[in-house]
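Asks: Pasting work26.cif below, which is mmCIF, C-alpha atoms.
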```cif
data_upload
#
loop_
_atom_site.label_atom_id
_atom_site.label_comp_id
_atom_site.auth_asym_id
_atom_site.auth_seq_id
_atom_site.Cartn_x
_atom_site.Cartn_y
_atom_site.Cartn_z
CA MET A 1 15.91 -32.83 -14.49
CA ASN A 2 15.47 -32.76 -18.27
CA LEU A 3 14.19 -36.31 -18.23
CA PHE A 4 11.68 -35.37 -15.57
CA LEU A 5 10.23 -32.66 -17.85
CA LEU A 6 10.17 -35.13 -20.73
CA ASN A 7 8.35 -37.61 -18.53
CA ILE A 8 5.71 -35.03 -17.60
CA LEU A 9 5.32 -34.14 -21.28
CA LEU A 10 4.74 -37.83 -22.06
CA ALA A 11 2.18 -38.03 -19.25
CA VAL A 12 0.27 -35.01 -20.60
CA SER A 13 0.32 -36.38 -24.16
CA TRP A 14 -0.89 -39.78 -22.98
CA ALA A 15 -3.74 -38.18 -21.02
CA GLY A 16 -4.67 -35.98 -23.98
CA LEU A 17 -4.48 -38.72 -26.63
CA THR A 18 -6.49 -41.26 -24.64
CA GLY A 19 -9.13 -38.60 -24.00
CA GLU A 20 -8.94 -39.05 -20.24
CA PHE A 21 -7.45 -35.78 -19.11
CA ASN A 22 -7.85 -36.36 -15.38
CA LEU A 23 -5.67 -37.34 -12.45
CA LEU A 24 -5.85 -41.07 -13.17
CA GLY A 25 -5.01 -40.56 -16.84
CA LEU A 26 -2.05 -38.36 -15.95
CA GLY A 27 -0.84 -40.90 -13.39
CA ILE A 28 -1.04 -43.79 -15.86
CA GLY A 29 0.63 -41.61 -18.49
CA PHE A 30 3.47 -40.84 -16.09
CA VAL A 31 4.07 -44.53 -15.34
CA VAL A 32 3.90 -45.51 -19.03
CA GLY A 33 6.17 -42.61 -19.95
CA PHE A 34 8.64 -43.58 -17.26
CA LEU A 35 8.77 -47.17 -18.55
CA ALA A 36 9.22 -45.94 -22.11
CA LEU A 37 12.08 -43.64 -21.09
CA TRP A 38 13.64 -46.44 -19.07
CA MET A 39 13.62 -48.74 -22.09
CA VAL A 40 15.36 -46.22 -24.34
CA GLN A 41 17.83 -44.99 -21.72
CA PRO A 42 20.96 -45.99 -23.73
CA LEU A 43 19.95 -43.25 -26.20
CA PHE A 44 20.47 -40.45 -23.69
CA GLU A 45 23.89 -39.10 -22.96
CA ASN A 46 25.25 -40.52 -19.74
CA ARG A 47 22.43 -43.11 -19.83
CA GLY A 48 20.00 -40.52 -18.50
CA GLY A 49 22.18 -39.64 -15.53
CA SER A 50 20.76 -40.27 -12.10
CA TYR A 51 17.09 -39.75 -12.97
CA PHE A 52 16.00 -43.41 -12.88
CA LEU A 53 17.94 -44.10 -9.69
CA ARG A 54 16.42 -41.04 -8.04
CA VAL A 55 12.86 -41.98 -8.90
CA PHE A 56 13.55 -45.43 -7.49
CA ARG A 57 15.04 -43.97 -4.29
CA VAL A 58 12.19 -41.51 -3.75
CA LEU A 59 9.71 -44.38 -4.14
CA LYS A 60 11.77 -46.47 -1.71
CA LEU A 61 11.73 -43.62 0.82
CA ILE A 62 7.94 -43.24 0.52
CA VAL A 63 7.23 -46.98 0.87
CA LEU A 64 9.65 -47.56 3.77
CA PHE A 65 8.36 -44.45 5.53
CA HIS A 66 4.74 -45.62 5.42
CA TRP A 67 5.80 -49.04 6.66
CA GLU A 68 7.64 -47.46 9.62
CA LEU A 69 4.65 -45.21 10.39
CA ILE A 70 2.35 -48.25 10.62
CA ILE A 71 4.83 -50.16 12.80
CA SER A 72 5.26 -47.22 15.17
CA SER A 73 1.52 -46.61 15.47
CA VAL A 74 0.91 -50.24 16.33
CA SER A 75 3.64 -50.21 18.98
CA VAL A 76 2.26 -46.98 20.46
CA ALA A 77 -1.23 -48.51 20.48
CA TRP A 78 0.13 -51.57 22.32
CA ASP A 79 1.82 -49.37 24.91
CA VAL A 80 -1.33 -47.30 25.46
CA LEU A 81 -3.71 -50.25 25.73
CA THR A 82 -1.68 -52.57 27.98
CA PRO A 83 -1.71 -51.71 31.68
CA ARG A 84 2.07 -51.59 32.19
CA HIS A 85 4.38 -49.07 30.57
CA ARG A 86 7.20 -50.90 28.84
CA ALA A 87 9.01 -47.71 27.91
CA ARG A 88 12.48 -46.95 29.22
CA PRO A 89 12.75 -43.44 27.82
CA GLY A 90 15.83 -41.33 27.41
CA ILE A 91 17.07 -38.16 25.76
CA ILE A 92 20.04 -38.76 23.49
CA CYS A 93 22.22 -36.86 21.04
CA VAL A 94 22.53 -38.11 17.48
CA PRO A 95 25.17 -36.69 15.13
CA LEU A 96 23.63 -35.57 11.84
CA LYS A 97 25.29 -36.02 8.47
CA ALA A 98 22.49 -34.42 6.49
CA LYS A 99 23.53 -31.17 4.83
CA GLY A 100 21.28 -28.22 4.17
CA GLU A 101 18.06 -27.16 5.83
CA ALA A 102 15.79 -29.14 3.50
CA GLU A 103 17.49 -32.43 4.36
CA VAL A 104 17.55 -31.68 8.08
CA LEU A 105 13.86 -30.74 7.99
CA LEU A 106 12.94 -33.96 6.20
CA VAL A 107 15.08 -36.12 8.49
CA THR A 108 13.69 -34.57 11.69
CA ASN A 109 10.11 -34.81 10.44
CA LEU A 110 10.48 -38.43 9.42
CA ILE A 111 12.26 -39.34 12.66
CA SER A 112 9.31 -37.97 14.62
CA LEU A 113 7.00 -40.30 12.73
CA THR A 114 9.08 -43.48 12.95
CA PRO A 115 9.08 -46.02 15.78
CA GLY A 116 10.28 -45.00 19.21
CA THR A 117 11.90 -41.69 18.37
CA LEU A 118 10.78 -38.06 18.56
CA SER A 119 13.04 -35.24 17.48
CA LEU A 120 13.32 -32.61 20.19
CA ASP A 121 15.85 -30.07 19.09
CA VAL A 122 18.61 -29.32 16.63
CA THR A 123 21.77 -27.45 17.55
CA GLU A 124 22.45 -24.09 15.90
CA ASP A 125 24.99 -25.54 13.45
CA CYS A 126 22.64 -28.36 12.37
CA ASN A 127 25.25 -30.96 13.39
CA THR A 128 23.54 -32.65 16.27
CA LEU A 129 19.98 -33.77 16.72
CA VAL A 130 18.55 -34.25 20.19
CA ILE A 131 15.89 -36.93 20.25
CA HIS A 132 13.61 -38.48 22.81
CA ALA A 133 13.63 -42.27 22.47
CA MET A 134 11.11 -44.69 23.93
CA PHE A 135 13.68 -47.44 24.43
CA ALA A 136 16.97 -45.78 25.22
CA ASP A 137 18.90 -48.73 26.64
CA ASP A 138 21.56 -48.40 23.99
CA PRO A 139 21.91 -44.82 22.69
CA GLU A 140 24.62 -45.75 20.21
CA ALA A 141 22.47 -48.44 18.61
CA ILE A 142 19.65 -45.91 18.13
CA ALA A 143 22.02 -43.35 16.62
CA ALA A 144 23.36 -45.99 14.21
CA GLN A 145 19.84 -47.09 13.34
CA ILE A 146 18.85 -43.53 12.40
CA GLU A 147 22.04 -42.94 10.45
CA ASN A 148 21.77 -46.16 8.43
CA GLY A 149 18.00 -46.00 8.09
CA MET A 150 15.99 -42.85 7.62
CA GLU A 151 18.91 -40.44 7.22
CA LYS A 152 20.57 -42.57 4.55
CA TRP A 153 17.32 -42.95 2.60
CA VAL A 154 16.69 -39.21 2.72
CA ARG A 155 20.21 -38.34 1.60
CA GLU A 156 19.96 -40.84 -1.25
CA ALA A 157 16.60 -39.49 -2.36
CA LEU A 158 17.66 -35.83 -2.30
CA ALA A 159 21.29 -36.22 -3.36
CA MET B 1 -18.55 -55.20 -2.10
CA ILE B 2 -14.88 -55.85 -1.48
CA LEU B 3 -14.20 -52.14 -2.00
CA GLU B 4 -16.83 -51.26 0.58
CA ILE B 5 -15.32 -53.65 3.12
CA PHE B 6 -11.86 -52.18 2.47
CA LEU B 7 -13.11 -48.60 2.86
CA SER B 8 -15.01 -49.44 6.03
CA ALA B 9 -11.92 -51.13 7.44
CA CYS B 10 -9.86 -48.01 6.66
CA VAL B 11 -12.33 -45.70 8.38
CA LEU B 12 -12.71 -47.98 11.40
CA LEU B 13 -8.94 -48.43 11.78
CA GLY B 14 -8.53 -44.67 11.45
CA GLY B 15 -11.07 -44.15 14.22
CA PHE B 16 -9.31 -46.75 16.34
CA PHE B 17 -5.94 -45.04 16.00
CA ALA B 18 -7.46 -41.60 16.68
CA PHE B 19 -8.93 -43.10 19.85
CA ILE B 20 -5.51 -44.49 20.77
CA ALA B 21 -3.94 -41.07 20.26
CA GLY B 22 -6.50 -39.50 22.58
CA LEU B 23 -6.23 -42.25 25.17
CA GLY B 24 -2.45 -41.96 25.03
CA ILE B 25 -2.64 -38.34 26.18
CA LEU B 26 -4.60 -39.51 29.18
CA ARG B 27 -2.57 -42.59 30.07
CA LEU B 28 1.08 -42.07 29.25
CA PRO B 29 3.39 -40.78 31.98
CA ASP B 30 4.96 -37.55 30.69
CA VAL B 31 4.67 -34.90 28.01
CA LEU B 32 7.35 -36.27 25.67
CA ILE B 33 5.95 -39.82 25.63
CA ARG B 34 2.48 -38.35 25.03
CA MET B 35 3.81 -36.56 21.98
CA HIS B 36 4.91 -39.98 20.65
CA ALA B 37 1.30 -41.18 20.82
CA THR B 38 -0.32 -38.11 19.30
CA THR B 39 2.05 -37.63 16.35
CA LYS B 40 2.32 -41.22 15.21
CA ALA B 41 -1.13 -42.63 15.89
CA GLY B 42 -2.82 -39.32 15.01
CA THR B 43 -1.11 -39.01 11.63
CA LEU B 44 -1.86 -42.62 10.71
CA ALA B 45 -5.49 -42.18 11.80
CA SER B 46 -6.15 -39.15 9.64
CA GLY B 47 -4.18 -40.74 6.79
CA LEU B 48 -6.38 -43.84 6.80
CA ILE B 49 -9.61 -41.83 6.89
CA ILE B 50 -8.46 -39.49 4.11
CA LEU B 51 -7.39 -42.52 2.03
CA ALA B 52 -10.87 -43.99 2.40
CA VAL B 53 -12.47 -40.67 1.43
CA ALA B 54 -10.25 -40.30 -1.64
CA ILE B 55 -10.97 -43.84 -2.88
CA GLY B 56 -14.65 -43.64 -1.98
CA PHE B 57 -15.40 -40.42 -3.87
CA ALA B 58 -12.78 -41.02 -6.58
CA ASP B 59 -13.18 -37.71 -8.41
CA ALA B 60 -10.32 -35.43 -9.33
CA SER B 61 -11.06 -32.57 -6.96
CA THR B 62 -11.53 -34.82 -3.91
CA VAL B 63 -8.37 -36.79 -4.68
CA ALA B 64 -6.37 -33.60 -5.22
CA ARG B 65 -7.57 -32.17 -1.93
CA SER B 66 -6.89 -35.45 -0.10
CA VAL B 67 -3.33 -35.51 -1.39
CA ALA B 68 -2.83 -31.89 -0.35
CA ILE B 69 -4.28 -32.52 3.11
CA MET B 70 -2.02 -35.54 3.58
CA LEU B 71 1.10 -33.63 2.47
CA PHE B 72 0.41 -30.74 4.83
CA LEU B 73 -0.39 -33.11 7.67
CA LEU B 74 2.89 -34.98 7.19
CA LEU B 75 4.70 -31.65 7.09
CA THR B 76 3.05 -29.95 10.06
CA ALA B 77 2.24 -32.66 12.61
CA PRO B 78 5.90 -33.56 13.34
CA VAL B 79 6.85 -29.86 13.41
CA ALA B 80 4.16 -29.14 15.99
CA ALA B 81 5.26 -32.12 18.10
CA HIS B 82 8.86 -31.00 17.73
CA MET B 83 8.08 -27.46 18.94
CA ILE B 84 6.02 -28.68 21.91
CA GLY B 85 8.71 -31.18 22.90
CA ARG B 86 11.42 -28.56 22.44
CA ALA B 87 9.60 -26.04 24.61
CA ALA B 88 9.01 -28.70 27.27
CA PHE B 89 12.63 -29.82 27.26
CA ARG B 90 14.08 -26.31 27.29
CA SER B 91 11.85 -25.04 30.06
CA GLY B 92 12.66 -28.09 32.20
CA VAL B 93 9.26 -29.72 32.52
CA PRO B 94 9.60 -32.64 34.96
CA LEU B 95 10.01 -35.93 33.08
CA TRP B 96 9.01 -39.44 33.99
CA LYS B 97 11.41 -40.89 36.57
CA PRO B 98 13.12 -43.63 34.48
CA THR B 99 14.06 -41.12 31.77
CA LYS B 100 17.80 -41.07 31.16
CA ILE B 101 19.00 -37.69 29.95
CA ASP B 102 22.25 -37.46 28.04
CA PRO B 103 24.20 -34.82 30.00
CA GLU B 104 25.68 -33.50 26.75
CA ALA B 105 22.26 -32.64 25.33
CA ARG B 106 21.74 -29.48 27.38
CA ILE B 107 25.34 -28.35 26.93
CA LYS B 108 25.25 -28.76 23.16
CA LEU B 109 22.01 -26.84 22.91
CA GLY B 110 23.31 -24.10 25.17
CA VAL B 111 20.41 -24.46 27.58
CA ARG B 112 21.00 -23.67 31.22
CA ASP B 113 20.57 -26.61 33.54
CA VAL B 114 17.18 -26.41 35.14
CA ASP B 115 17.20 -28.09 38.51
CA THR B 116 13.97 -30.02 38.61
CA PRO B 117 13.33 -33.02 40.81
CA PRO B 118 12.07 -36.04 38.83
CA ARG B 119 8.53 -37.08 39.58
CA ASP B 120 6.94 -40.49 39.45
#
```
Write out the structure in this file as structure tokens.
Replies:
Amino acid sequence: MNLFLLNILLAVSWAGLTGEFNLLGLGIGFVVGFLALWMVQPLFENRGGSYFLRVFRVLKLIVLFHWELIISSVSVAWDVLTPRHRARPGIICVPLKAKGEAEVLLVTNLISLTPGTLSLDVTEDCNTLVIHAMFADDPEAIAAQIENGMEKWVREALA
Amino acid sequence: MILEIFLSACVLLGGFFAFIAGLGILRLPDVLIRMHATTKAGTLASGLIILAVAIGFADASTVARSVAIMLFLLLTAPVAAHMIGRAAFRSGVPLWKPTKIDPEARIKLGVRDVDTPPRD
């Protein structure tokens, strides 16, 4: 996290030196600072560790999540507006690999906002997630999709 | 000009999705499927409108508040849906007839089996 502090310091100095000490200035300063740090990464011990990878993965999680939210809203809108209900709903159990309450919270929240799934309940030991799926023809496929999609992105971003 | 068109499109789309979320409550067959409509379409709707507000006003305090509103919305909307769905599932609210329930789900959660006839 040292590099993160350094990056914030660079953002503040950029905003101060350009005389635009506002949100936009800080944002630009953060991006410029990140690029500068990225260019000189061989200078840090351990090549800066996992900082650059983590920033990339957090960004990836944010972008993919918004994409999924748009897709799911459009599919819900289609289901609401067309006269027939296409849904074949089901309640299924999904094994969770996420460790710790923060990861489980993030995974369940994001699952609720992505297409076709709504998290219903978590078992006491945080090992199994019970979800309600809109298209539950193949429960195993849905479980695999969650494990390789949202859950993997979250674990990468927080790891 | 282009900015105005973009902002108007955001607000209109937001209104459209909010309408869908409301209509979904009315039209969809059971409580769990209704929660799908309200969480997803509702979150996207408020997100689009708040995005338009943040870009339209474009001053620091409005943007900061918009970001905070969005973060709290993303944090709380799924939790609310989760709690409503959980309460419905645990208390055995009748579900739409085609719903397939994994028999292990109730056992793993330690919920007693509520004997409710499916409705259509």
Asks: Record the distance separating CA of Ala133 in chain A and CA of Ile49 in chain B, expressed in Å with one decimal.
Replies: 28.0 Å
Asks: I'd like the interatomic distance between CA of Asp121 in chain A and CA of Leu158 in chain A, to a tenth of an Å.
Replies: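 CA of Leu158 in chain A lies 22.2 Å from CA of Asp121 in chain A.
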Asks: Once the PyMOL selection byres ((chain A) within 8 of (chain B)) has been applied to the shown file, what residues remain in the selection, as a CSV table (one decimal) with C-alpha atoms, keeping the file's coordinate frame?
Replies:
```
chain,number,residue,atom,x,y,z
A,22,ASN,CA,-7.8,-36.4,-15.4
A,23,LEU,CA,-5.7,-37.3,-12.4
A,69,LEU,CA,4.6,-45.2,10.4
A,70,ILE,CA,2.4,-48.2,10.6
A,72,SER,CA,5.3,-47.2,15.2
A,73,SER,CA,1.5,-46.6,15.5
A,74,VAL,CA,0.9,-50.2,16.3
A,76,VAL,CA,2.3,-47.0,20.5
A,77,ALA,CA,-1.2,-48.5,20.5
A,80,VAL,CA,-1.3,-47.3,25.5
A,81,LEU,CA,-3.7,-50.2,25.7
A,85,HIS,CA,4.4,-49.1,30.6
A,88,ARG,CA,12.5,-47.0,29.2
A,89,PRO,CA,12.8,-43.4,27.8
A,90,GLY,CA,15.8,-41.3,27.4
A,91,ILE,CA,17.1,-38.2,25.8
A,92,ILE,CA,20.0,-38.8,23.5
A,93,CYS,CA,22.2,-36.9,21.0
A,109,ASN,CA,10.1,-34.8,10.4
A,110,LEU,CA,10.5,-38.4,9.4
A,112,SER,CA,9.3,-38.0,14.6
A,113,LEU,CA,7.0,-40.3,12.7
A,114,THR,CA,9.1,-43.5,13.0
A,116,GLY,CA,10.3,-45.0,19.2
A,117,THR,CA,11.9,-41.7,18.4
A,118,LEU,CA,10.8,-38.1,18.6
A,119,SER,CA,13.0,-35.2,17.5
A,120,LEU,CA,13.3,-32.6,20.2
A,121,ASP,CA,15.8,-30.1,19.1
A,122,VAL,CA,18.6,-29.3,16.6
A,123,THR,CA,21.8,-27.4,17.6
A,124,GLU,CA,22.4,-24.1,15.9
A,130,VAL,CA,18.6,-34.2,20.2
A,132,HIS,CA,13.6,-38.5,22.8
A,134,MET,CA,11.1,-44.7,23.9
A,136,ALA,CA,17.0,-45.8,25.2
```
Asks: Here's the selection I'm unsure about, the PyMOL selection byres ((chain A and resi 64) around 12); applied to the file above, which residues does it give, as a PyMOL selection string?
Replies: chain A and resi 57-63+65-71+110+113-114+149-150+153-154
Asks: Restrict the selected residues to C-alpha atoms and save them as an mmCIF file, in the coordinates of the input.
Replies:
```cif
data_model
loop_
_atom_site.group_PDB
_atom_site.id
_atom_site.type_symbol
_atom_site.label_atom_id
_atom_site.label_comp_id
_atom_site.auth_asym_id
_atom_site.auth_seq_id
_atom_site.Cartn_x
_atom_site.Cartn_y
_atom_site.Cartn_z
ATOM 1 C CA ARG A 57 15.040 -43.970 -4.290
ATOM 2 C CA VAL A 58 12.190 -41.510 -3.750
ATOM 3 C CA LEU A 59 9.710 -44.380 -4.140
ATOM 4 C CA LYS A 60 11.770 -46.470 -1.710
ATOM 5 C CA LEU A 61 11.730 -43.620 0.820
ATOM 6 C CA ILE A 62 7.940 -43.240 0.520
ATOM 7 C CA VAL A 63 7.230 -46.980 0.870
ATOM 8 C CA PHE A 65 8.360 -44.450 5.530
ATOM 9 C CA HIS A 66 4.740 -45.620 5.420
ATOM 10 C CA TRP A 67 5.800 -49.040 6.660
ATOM 11 C CA GLU A 68 7.640 -47.460 9.620
ATOM 12 C CA LEU A 69 4.650 -45.210 10.390
ATOM 13 C CA ILE A 70 2.350 -48.250 10.620
ATOM 14 C CA ILE A 71 4.830 -50.160 12.800
ATOM 15 C CA LEU A 110 10.480 -38.430 9.420
ATOM 16 C CA LEU A 113 7.000 -40.300 12.730
ATOM 17 C CA THR A 114 9.080 -43.480 12.950
ATOM 18 C CA GLY A 149 18.000 -46.000 8.090
ATOM 19 C CA MET A 150 15.990 -42.850 7.620
ATOM 20 C CA TRP A 153 17.320 -42.950 2.600
ATOM 21 C CA VAL A 154 16.690 -39.210 2.720
#
```
Asks: Pick the closest to Val11 in chain B from B:Ala54, B:Leu48, B:Thr62, B:Val31: which is it, counting all atoms listed in the file?
Replies: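 Looking at the shortest contact to Val11 in chain B, the residue is B:Leu48.
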Asks: Quick one: pull the distance between CA of Met1 in chain B and CA of Ala18 in chain B, Å, one decimal.
Replies: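 Answer for the CA of Met1 in chain B to CA of Ala18 in chain B separation: 25.7 Å.
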Asks: As AutoDock Vina command-line options, please report the centre and edge lengths, rounded to one decimal in Å, of the axis-aligned box that holds all listed atoms of range 18-35 of chain A with 8 Å of padding on each of the six sides.
Replies:
```
--center_x -0.2 --center_y -41.5 --center_z -18.5 --size_x 33.9 --size_y 27.4 --size_z 28.2
```
Asks: Name the residues that the PyMOL selection byres ((chain A and resi 151) around 9) picks from the file above, as a PDB file with C-alpha atoms, in the coordinates of the input, using the file's chain letters and numbers.
Replies:
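Ended up saving to part-v7.pdb:
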```pdb
ATOM      1  CA  LEU A  96      23.630 -35.570  11.840  1.00  0.00           C
ATOM      2  CA  LYS A  97      25.290 -36.020   8.470  1.00  0.00           C
ATOM      3  CA  ALA A  98      22.490 -34.420   6.490  1.00  0.00           C
ATOM      4  CA  GLU A 103      17.490 -32.430   4.360  1.00  0.00           C
ATOM      5  CA  VAL A 104      17.550 -31.680   8.080  1.00  0.00           C
ATOM      6  CA  LEU A 106      12.940 -33.960   6.200  1.00  0.00           C
ATOM      7  CA  VAL A 107      15.080 -36.120   8.490  1.00  0.00           C
ATOM      8  CA  LEU A 110      10.480 -38.430   9.420  1.00  0.00           C
ATOM      9  CA  ILE A 111      12.260 -39.340  12.660  1.00  0.00           C
ATOM     10  CA  ILE A 146      18.850 -43.530  12.400  1.00  0.00           C
ATOM     11  CA  GLU A 147      22.040 -42.940  10.450  1.00  0.00           C
ATOM     12  CA  ASN A 148      21.770 -46.160   8.430  1.00  0.00           C
ATOM     13  CA  GLY A 149      18.000 -46.000   8.090  1.00  0.00           C
ATOM     14  CA  MET A 150      15.990 -42.850   7.620  1.00  0.00           C
ATOM     15  CA  LYS A 152      20.570 -42.570   4.550  1.00  0.00           C
ATOM     16  CA  TRP A 153      17.320 -42.950   2.600  1.00  0.00           C
ATOM     17  CA  VAL A 154      16.690 -39.210   2.720  1.00  0.00           C
ATOM     18  CA  ARG A 155      20.210 -38.340   1.600  1.00  0.00           C
ATOM     19  CA  GLU A 156      19.960 -40.840  -1.250  1.00  0.00           C
TER      20      GLU A 156
END
```
Asks: Compile the contact shell of Leu7 in chain B as JSON, numbers by chain: residues with an atom at most 10 Å away, counting only C-alpha atoms, same-chain residues fewer than 2 positions apart removed.
Replies: {"B": [1, 2, 3, 4, 5, 9, 10, 11, 12, 13, 48, 49, 51, 52, 53, 54, 55, 56]}
Asks: Can I get the selected residues back with C-alpha atoms, as a PDB file, keeping the file's coordinate frame?
Replies:
```pdb
ATOM      1  CA  MET B   1     -18.550 -55.200  -2.100  1.00  0.00           C
ATOM      2  CA  ILE B   2     -14.880 -55.850  -1.480  1.00  0.00           C
ATOM      3  CA  LEU B   3     -14.200 -52.140  -2.000  1.00  0.00           C
ATOM      4  CA  GLU B   4     -16.830 -51.260   0.580  1.00  0.00           C
ATOM      5  CA  ILE B   5     -15.320 -53.650   3.120  1.00  0.00           C
ATOM      6  CA  ALA B   9     -11.920 -51.130   7.440  1.00  0.00           C
ATOM      7  CA  CYS B  10      -9.860 -48.010   6.660  1.00  0.00           C
ATOM      8  CA  VAL B  11     -12.330 -45.700   8.380  1.00  0.00           C
ATOM      9  CA  LEU B  12     -12.710 -47.980  11.400  1.00  0.00           C
ATOM     10  CA  LEU B  13      -8.940 -48.430  11.780  1.00  0.00           C
ATOM     11  CA  LEU B  48      -6.380 -43.840   6.800  1.00  0.00           C
ATOM     12  CA  ILE B  49      -9.610 -41.830   6.890  1.00  0.00           C
ATOM     13  CA  LEU B  51      -7.390 -42.520   2.030  1.00  0.00           C
ATOM     14  CA  ALA B  52     -10.870 -43.990   2.400  1.00  0.00           C
ATOM     15  CA  VAL B  53     -12.470 -40.670   1.430  1.00  0.00           C
ATOM     16  CA  ALA B  54     -10.250 -40.300  -1.640  1.00  0.00           C
ATOM     17  CA  ILE B  55     -10.970 -43.840  -2.880  1.00  0.00           C
ATOM     18  CA  GLY B  56     -14.650 -43.640  -1.980  1.00  0.00           C
TER      19      GLY B  56
END
```
